[in-house]
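*Asks:* My structure file start.cif, mmCIF, C-alpha atoms and all ligand atoms, is below:
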data_entry
loop_
_atom_site.label_atom_id
_atom_site.label_comp_id
_atom_site.auth_asym_id
_atom_site.auth_seq_id
_atom_site.Cartn_x
_atom_site.Cartn_y
_atom_site.Cartn_z
CA MET N 1 166.21 63.99 115.24
CA PHE N 2 166.93 64.83 111.62
CA ASN N 3 166.66 68.54 110.85
CA LEU N 4 166.90 70.03 107.42
CA ILE N 5 166.92 73.56 106.03
CA LEU N 6 165.50 74.02 102.55
CA PHE N 7 167.17 77.18 101.34
CA GLY N 8 166.76 79.34 98.25
CA PRO N 9 165.40 82.65 96.93
CA PRO N 10 161.70 83.57 96.77
CA GLY N 11 160.03 81.44 94.11
CA SER N 12 162.71 78.75 94.08
CA GLY N 13 160.18 76.04 94.91
CA LYS N 14 160.78 75.58 98.62
CA GLY N 15 157.08 75.29 99.46
CA THR N 16 156.34 72.76 96.70
CA GLN N 17 159.33 70.58 97.56
CA SER N 18 158.75 70.91 101.32
CA ASP N 19 155.28 69.40 101.03
CA LYS N 20 156.74 66.36 99.27
CA LEU N 21 159.78 66.05 101.55
CA VAL N 22 157.87 66.18 104.85
CA GLU N 23 155.60 63.44 103.61
CA LYS N 24 158.46 61.21 102.46
CA TYR N 25 160.69 61.68 105.52
CA GLY N 26 158.10 62.23 108.27
CA LEU N 27 159.43 65.66 109.18
CA LYS N 28 157.48 68.56 110.68
CA HIS N 29 157.22 71.46 108.19
CA LEU N 30 158.13 74.83 109.67
CA SER N 31 157.51 77.61 107.11
CA THR N 32 157.82 81.03 108.72
CA GLY N 33 156.07 82.52 105.66
CA ASN N 34 153.05 80.23 106.19
CA LEU N 35 153.01 80.93 109.94
CA LEU N 36 153.11 84.69 109.29
CA ARG N 37 150.33 84.49 106.69
CA GLN N 38 148.20 82.56 109.20
CA GLU N 39 148.80 85.29 111.81
CA ILE N 40 147.76 87.89 109.21
CA ALA N 41 144.60 85.92 108.34
CA ASP N 42 143.77 85.65 112.06
CA LYS N 43 144.38 89.43 112.45
CA THR N 44 146.58 88.89 115.53
CA PRO N 45 148.80 91.77 116.75
CA LEU N 46 151.82 89.83 115.44
CA GLY N 47 150.11 89.43 112.06
CA ILE N 48 149.21 93.09 111.83
CA GLU N 49 152.82 94.08 112.58
CA ALA N 50 154.22 91.49 110.15
CA LYS N 51 151.95 92.57 107.29
CA SER N 52 153.49 96.05 107.13
CA PHE N 53 156.91 94.50 106.45
CA ILE N 54 155.76 91.74 104.10
CA ASP N 55 153.79 94.14 101.89
CA LYS N 56 156.98 96.13 101.29
CA GLY N 57 159.10 93.06 100.59
CA GLN N 58 161.07 93.61 103.81
CA LEU N 59 161.94 91.03 106.44
CA VAL N 60 159.88 90.78 109.58
CA PRO N 61 162.09 91.65 112.61
CA ASP N 62 164.27 88.80 113.89
CA GLU N 63 162.83 88.75 117.42
CA VAL N 64 159.28 88.34 116.06
CA VAL N 65 160.24 85.43 113.81
CA ILE N 66 162.48 83.72 116.38
CA GLY N 67 159.70 83.96 119.01
CA MET N 68 157.32 82.33 116.55
CA VAL N 69 159.75 79.47 115.89
CA ASP N 70 160.26 78.97 119.63
CA SER N 71 156.47 78.67 120.12
CA PHE N 72 156.29 76.20 117.22
CA PHE N 73 158.89 74.00 118.97
CA GLU N 74 156.82 74.12 122.15
CA LEU N 75 153.78 72.91 120.19
CA HIS N 76 155.66 70.06 118.50
CA LYS N 77 157.89 68.59 121.18
CA ASP N 78 157.32 65.06 119.88
CA ALA N 79 158.53 65.76 116.31
CA SER N 80 161.15 63.37 114.95
CA GLY N 81 162.69 66.19 112.94
CA PHE N 82 161.96 69.52 111.30
CA LEU N 83 162.15 70.86 107.78
CA PHE N 84 162.81 74.60 107.93
CA ASP N 85 161.48 76.54 104.93
CA GLY N 86 162.11 80.29 104.66
CA PHE N 87 163.96 80.26 107.98
CA PRO N 88 166.61 81.21 108.96
CA ARG N 89 166.82 84.28 106.73
CA THR N 90 169.43 86.34 108.60
CA ALA N 91 172.67 85.51 110.42
CA ALA N 92 170.99 86.31 113.76
CA GLN N 93 168.18 83.86 112.98
CA ALA N 94 170.73 81.15 112.10
CA VAL N 95 172.57 81.66 115.39
CA ALA N 96 169.25 81.59 117.29
CA LEU N 97 168.16 78.41 115.51
CA ASP N 98 171.42 76.62 116.29
CA LYS N 99 170.98 77.60 119.93
CA LEU N 100 167.35 76.45 120.12
CA LEU N 101 168.27 73.12 118.54
CA SER N 102 171.23 72.58 120.85
CA LEU N 103 168.83 73.02 123.79
CA LYS N 104 166.97 70.06 122.30
CA GLN N 105 170.29 68.21 121.99
CA THR N 106 170.09 68.25 118.23
CA SER N 107 171.40 70.26 115.26
CA ILE N 108 170.99 70.94 111.54
CA ALA N 109 171.99 67.90 109.48
CA ALA N 110 172.07 69.69 106.13
CA VAL N 111 171.16 72.86 104.26
CA LEU N 112 169.96 72.14 100.73
CA ALA N 113 169.87 75.23 98.52
CA LEU N 114 167.68 75.39 95.41
CA GLU N 115 169.45 77.25 92.59
CA VAL N 116 167.23 79.11 90.11
CA GLY N 117 168.04 82.08 87.85
CA GLU N 118 166.46 85.45 88.67
CA GLU N 119 164.42 85.90 85.49
CA GLU N 120 162.87 82.44 85.94
CA LEU N 121 162.09 83.38 89.56
CA VAL N 122 160.31 86.63 88.61
CA LYS N 123 158.25 84.73 86.03
CA ARG N 124 157.24 82.07 88.57
CA LEU N 125 156.34 84.61 91.27
CA LEU N 126 154.20 86.80 88.99
CA ASN N 127 152.49 83.64 87.81
CA ARG N 128 151.87 82.49 91.39
CA GLY N 129 150.52 85.95 92.22
CA LYS N 130 147.68 85.46 89.72
CA THR N 131 146.15 82.66 91.80
CA SER N 132 147.73 82.58 95.27
CA GLY N 133 146.07 85.67 96.70
CA ARG N 134 149.54 86.75 97.90
CA SER N 135 149.78 90.49 97.36
CA ASP N 136 153.59 90.33 97.68
CA ASP N 137 153.64 88.28 94.45
CA THR N 138 151.64 90.66 92.24
CA ASN N 139 153.98 93.66 92.29
CA GLU N 140 157.29 93.33 90.42
CA GLU N 141 158.85 96.07 92.54
CA VAL N 142 158.10 94.14 95.74
CA ILE N 143 159.47 90.96 94.13
CA ARG N 144 162.75 92.73 93.16
CA LYS N 145 162.98 94.11 96.70
CA ARG N 146 162.71 90.57 98.11
CA PHE N 147 165.60 89.46 95.85
CA ALA N 148 167.70 92.39 97.07
CA VAL N 149 166.96 91.39 100.68
CA TYR N 150 167.85 87.81 99.83
CA THR N 151 171.19 88.89 98.36
CA ASN N 152 172.00 91.39 101.10
CA GLU N 153 170.81 89.63 104.25
CA THR N 154 170.06 86.02 103.52
CA SER N 155 173.42 85.22 101.88
CA ALA N 156 174.92 85.43 105.39
CA VAL N 157 172.88 82.33 106.25
CA ALA N 158 174.55 80.44 103.39
CA ALA N 159 177.96 81.58 104.64
CA HIS N 160 177.09 80.48 108.19
CA TYR N 161 176.31 76.92 107.13
CA LYS N 162 179.09 76.75 104.53
CA ALA N 163 181.54 77.40 107.36
CA ALA N 164 179.95 74.46 109.20
CA HIS N 165 180.30 72.28 106.04
CA LYS N 166 176.55 71.70 105.95
CA PHE N 167 175.65 73.60 102.78
CA GLN N 168 174.86 71.92 99.49
CA SER N 169 173.43 73.35 96.24
CA VAL N 170 170.80 71.53 94.21
CA LYS N 171 169.60 72.56 90.73
CA GLY N 172 166.12 74.06 91.16
CA GLU N 173 165.16 74.24 87.47
CA GLY N 174 163.50 71.33 85.68
CA SER N 175 160.50 69.21 86.59
CA VAL N 176 159.17 69.07 90.16
CA ASP N 177 159.84 65.32 90.21
CA ASP N 178 163.44 65.65 89.01
CA ILE N 179 164.20 68.30 91.63
CA PHE N 180 162.52 66.16 94.30
CA ALA N 181 164.67 63.19 93.25
CA ALA N 182 167.84 65.29 93.52
CA LEU N 183 166.86 66.55 96.99
CA SER N 184 165.93 63.05 98.13
CA ALA N 185 169.29 61.68 96.95
CA ALA N 186 171.13 64.37 98.94
CA ILE N 187 169.05 63.62 102.05
CA ASP N 188 169.47 59.85 101.76
CA LYS N 189 173.23 60.34 101.66
CA LYS N 190 173.09 62.48 104.83
CA MET N 191 170.88 59.95 106.62
CA ALA N 192 173.04 56.97 105.72
P1 LIG N 201 159.08 83.84 99.64
O1 LIG N 201 160.18 82.83 99.89
O2 LIG N 201 158.35 83.62 98.36
O3 LIG N 201 159.48 85.26 99.85
P2 LIG N 201 157.85 83.29 102.22
O4 LIG N 201 156.49 82.76 102.35
O5 LIG N 201 158.97 82.46 102.73
O6 LIG N 201 157.95 83.56 100.68
O7 LIG N 201 157.95 84.72 102.92
C1 LIG N 201 157.09 85.79 102.63
C2 LIG N 201 157.48 87.04 103.41
O8 LIG N 201 157.35 86.77 104.83
C3 LIG N 201 158.94 87.49 103.25
O9 LIG N 201 159.11 88.35 102.15
C4 LIG N 201 159.19 88.20 104.59
O10 LIG N 201 158.65 89.49 104.60
C5 LIG N 201 158.39 87.38 105.59
N1 LIG N 201 159.24 86.30 106.20
C6 LIG N 201 159.10 84.95 106.02
N2 LIG N 201 160.03 84.27 106.72
C7 LIG N 201 160.78 85.21 107.36
C8 LIG N 201 161.91 85.16 108.21
N3 LIG N 201 162.49 84.00 108.56
N4 LIG N 201 162.43 86.33 108.67
C9 LIG N 201 161.88 87.52 108.34
N5 LIG N 201 160.84 87.64 107.53
C10 LIG N 201 160.27 86.51 107.03
#
If you convert what's in this file into structure tokens, what do you get?

*Replies:*
Amino acid sequence: MFNLILFGPPGSGKGTQSDKLVEKYGLKHLSTGNLLRQEIADKTPLGIEAKSFIDKGQLVPDEVVIGMVDSFFELHKDASGFLFDGFPRTAAQAVALDKLLSLKQTSIAAVLALEVGEEELVKRLLNRGKTSGRSDDTNEEVIRKRFAVYTNETSAVAAHYKAAHKFQSVKGEGSVDDIFAALSAAIDKKMA
């Protein structure tokens, strides 16, 4: 299996690049944000609980997210690899992911981190909010809160994978195609 984490702050382009990467490399896309939004749309108990956190720009509790990832693995036992997008977001999630993968006799090959400046991120998110129907993208206060959470909690994920020598930064500003080419080059090197 080849498993990849696409890492980066809200609005850094993880979703856009994930769609292209899973197609090119035949990976299964696991976006916890997408899974949570589907639960919300389906009005499941999990979705109703998650919505109260998401609307405030807070993280959904670890056990909820980890349980969701575990179920996703159960549904996709035949996958040749996963691309994780928006997960893991806390140190506890990273530890849980490593454990779940080791049960499958596999591990994370690389963590590619999209680097984008904060003012560019706010601009992109407010712009996305105009058309995406995502209420967490229309309120600048909620957006700033998500950056604070990213800095305070999600940076531990970067540290976790830096210690394992799996972390690599990629410039996330420029054209979609240029960023895709840079990500692809990093992946090809890892696969070789
Ligand atoms: P973005 O990267 O733009 O914030 P996502 O779609 O990845 O968008 O996530 C949207 C929201 O869903 C987050 O702000 C958070 O509340 C929740 N969420 C997504 N993934 C996780 C996760 N791994 N752990 C906790 N909460 C999560």

*Asks:* List every residue of chain N that has an atom at most 8 Å from any atom of ligand LIG 201 (chain N), giving for each one its closest atom pair and the distance in Å to one decimal, counting all atoms listed in the file, sorted by chain and then by ascending residue number, as JSON lines.

*Replies:*
{"residue": "N:Gly8", "atom": "CA", "partner": "N:LIG201", "partner_atom": "O1", "distance": 7.6}
{"residue": "N:Pro9", "atom": "CA", "partner": "N:LIG201", "partner_atom": "O1", "distance": 6.0}
{"residue": "N:Pro10", "atom": "CA", "partner": "N:LIG201", "partner_atom": "O1", "distance": 3.5}
{"residue": "N:Gly11", "atom": "CA", "partner": "N:LIG201", "partner_atom": "O2", "distance": 5.1}
{"residue": "N:Ser12", "atom": "CA", "partner": "N:LIG201", "partner_atom": "O1", "distance": 7.5}
{"residue": "N:Lys14", "atom": "CA", "partner": "N:LIG201", "partner_atom": "O1", "distance": 7.4}
{"residue": "N:Ser31", "atom": "CA", "partner": "N:LIG201", "partner_atom": "O5", "distance": 6.7}
{"residue": "N:Thr32", "atom": "CA", "partner": "N:LIG201", "partner_atom": "N2", "distance": 4.4}
{"residue": "N:Gly33", "atom": "CA", "partner": "N:LIG201", "partner_atom": "O4", "distance": 3.3}
{"residue": "N:Asn34", "atom": "CA", "partner": "N:LIG201", "partner_atom": "O4", "distance": 5.7}
{"residue": "N:Leu36", "atom": "CA", "partner": "N:LIG201", "partner_atom": "O8", "distance": 6.5}
{"residue": "N:Arg37", "atom": "CA", "partner": "N:LIG201", "partner_atom": "O8", "distance": 7.6}
{"residue": "N:Ala50", "atom": "CA", "partner": "N:LIG201", "partner_atom": "O10", "distance": 7.4}
{"residue": "N:Lys51", "atom": "CA", "partner": "N:LIG201", "partner_atom": "O10", "distance": 7.8}
{"residue": "N:Phe53", "atom": "CA", "partner": "N:LIG201", "partner_atom": "O10", "distance": 5.6}
{"residue": "N:Ile54", "atom": "CA", "partner": "N:LIG201", "partner_atom": "O10", "distance": 3.7}
{"residue": "N:Asp55", "atom": "CA", "partner": "N:LIG201", "partner_atom": "O10", "distance": 7.3}
{"residue": "N:Lys56", "atom": "CA", "partner": "N:LIG201", "partner_atom": "O10", "distance": 7.6}
{"residue": "N:Gly57", "atom": "CA", "partner": "N:LIG201", "partner_atom": "O9", "distance": 5.0}
{"residue": "N:Gln58", "atom": "CA", "partner": "N:LIG201", "partner_atom": "O10", "distance": 4.8}
{"residue": "N:Leu59", "atom": "CA", "partner": "N:LIG201", "partner_atom": "N5", "distance": 3.7}
{"residue": "N:Val60", "atom": "CA", "partner": "N:LIG201", "partner_atom": "N5", "distance": 3.9}
{"residue": "N:Pro61", "atom": "CA", "partner": "N:LIG201", "partner_atom": "C9", "distance": 5.9}
{"residue": "N:Asp62", "atom": "CA", "partner": "N:LIG201", "partner_atom": "N4", "distance": 6.1}
{"residue": "N:Val65", "atom": "CA", "partner": "N:LIG201", "partner_atom": "N4", "distance": 5.7}
{"residue": "N:Ile66", "atom": "CA", "partner": "N:LIG201", "partner_atom": "N3", "distance": 7.8}
{"residue": "N:Asp85", "atom": "CA", "partner": "N:LIG201", "partner_atom": "O5", "distance": 6.8}
{"residue": "N:Gly86", "atom": "CA", "partner": "N:LIG201", "partner_atom": "O5", "distance": 4.3}
{"residue": "N:Phe87", "atom": "CA", "partner": "N:LIG201", "partner_atom": "N3", "distance": 4.1}
{"residue": "N:Pro88", "atom": "CA", "partner": "N:LIG201", "partner_atom": "N3", "distance": 5.0}
{"residue": "N:Arg89", "atom": "CA", "partner": "N:LIG201", "partner_atom": "N3", "distance": 4.7}
{"residue": "N:Thr90", "atom": "CA", "partner": "N:LIG201", "partner_atom": "N4", "distance": 7.0}
{"residue": "N:Gln93", "atom": "CA", "partner": "N:LIG201", "partner_atom": "N3", "distance": 7.2}
{"residue": "N:Leu125", "atom": "CA", "partner": "N:LIG201", "partner_atom": "O2", "distance": 7.4}
{"residue": "N:Asp136", "atom": "CA", "partner": "N:LIG201", "partner_atom": "O9", "distance": 7.4}
{"residue": "N:Asp137", "atom": "CA", "partner": "N:LIG201", "partner_atom": "O2", "distance": 7.7}
{"residue": "N:Arg146", "atom": "CA", "partner": "N:LIG201", "partner_atom": "O9", "distance": 5.8}

*Asks:* Show me, as CSV, the residues of range 53-158 of chain N having an atom within 8 Å of range 165-180 of chain N, each with the closest atom pair and its distance in Å, using all atoms listed in the file.

*Replies:*
residue,atom,partner,partner_atom,distance
N:Ile108,CA,N:Lys166,CA,7.9
N:Ala109,CA,N:Lys166,CA,6.9
N:Ala110,CA,N:Lys166,CA,4.9
N:Val111,CA,N:Phe167,CA,4.8
N:Leu112,CA,N:Gln168,CA,5.1
N:Ala113,CA,N:Ser169,CA,4.6
N:Leu114,CA,N:Gly172,CA,4.7
N:Glu115,CA,N:Gly172,CA,4.8
N:Val116,CA,N:Gly172,CA,5.3
N:Ala158,CA,N:Phe167,CA,7.0

*Asks:* At what distance in Å, to one decimal, does CA of His76 in chain N lie from CA of Thr44 in chain N?

*Replies:*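 Going from CA of Thr44 in chain N over to CA of His76 in chain N, I get 21.1 Å.
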
*Asks:* Near Arg128 in chain N, counting only C-alpha atoms, which residues have an atom at most 10 Å away, once you skip same-chain residues fewer than 4 positions from it, shown as a PyMOL selection string?

*Replies:* chain N and resi 11+122-124+132-134+137-138

*Asks:* I need every residue sitting at most 12 Å from the point (173.2, 86.3, 101.9) (coordinates as in the file, all atoms listed in the file considered), written as a VMD selection string.

*Replies:* chain N and resid 7 to 9 88 to 91 94 146 to 162

*Asks:* How many Å separate CA of Thr16 in chain N from CA of Glu120 in chain N?

*Replies:*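 CA of Glu120 in chain N lies at a distance of 15.9 Å from CA of Thr16 in chain N.
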
*Asks:* Of the candidates N:Ser184, N:Thr131, N:Asn3, N:Asn139, which shows the shortest atom-to-atom distance to Lys28 in chain N, using all atoms listed in the file?

*Replies:*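 Residue with the minimum atom-to-atom distance to Lys28 in chain N: N:Asn3.
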
*Asks:* For CA of Phe72 in chain N and CA of Met191 in chain N, quote the distance in Å rounded to one decimal.

*Replies:*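 Calculated distance between CA of Phe72 in chain N and CA of Met191 in chain N is 24.3 Å.
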
*Asks:* I'd like the neighbourhood of Glu74 in chain N as an MDAnalysis selection string, where a residue qualifies if any of its atoms comes within 12 Å (using only C-alpha atoms), though same-chain residues fewer than 5 positions away should be ignored.

*Replies:* chainID N and resid 67:69 79 100 104

*Asks:* Any chance you could work out the axis-aligned box around range 82-93 of chain N, listed atoms only, 6 Å on each side, giving centre and edge lengths in Å to one decimal, as AutoDock Vina command-line options?

*Replies:*
--center_x 167.1 --center_y 77.9 --center_z 109.2 --size_x 23.2 --size_y 28.8 --size_z 21.1

*Asks:* Here is a test: counting all atoms listed in the file, which residue of N:Leu121, N:Ile40, N:Leu6, N:Leu83 is nearest to Tyr25 in chain N?

*Replies:* N:Leu83

*Asks:* So which one's closest to Glu23 in chain N, N:Phe82, N:Val64, N:Phe73, N:Val142? Using only C-alpha atoms, please.

*Replies:*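 Closest to Glu23 in chain N of all the choices is N:Phe82.
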
*Asks:* Choose the residue, out of N:Ser71, N:Ser18, N:Ser52, N:Ser135, that has the smallest atom-to-atom separation from Leu35 in chain N; count only C-alpha atoms.

*Replies:*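 Going through N:Ser71, N:Ser18, N:Ser52, N:Ser135 one by one, the smallest distance to Leu35 in chain N is for N:Ser71.
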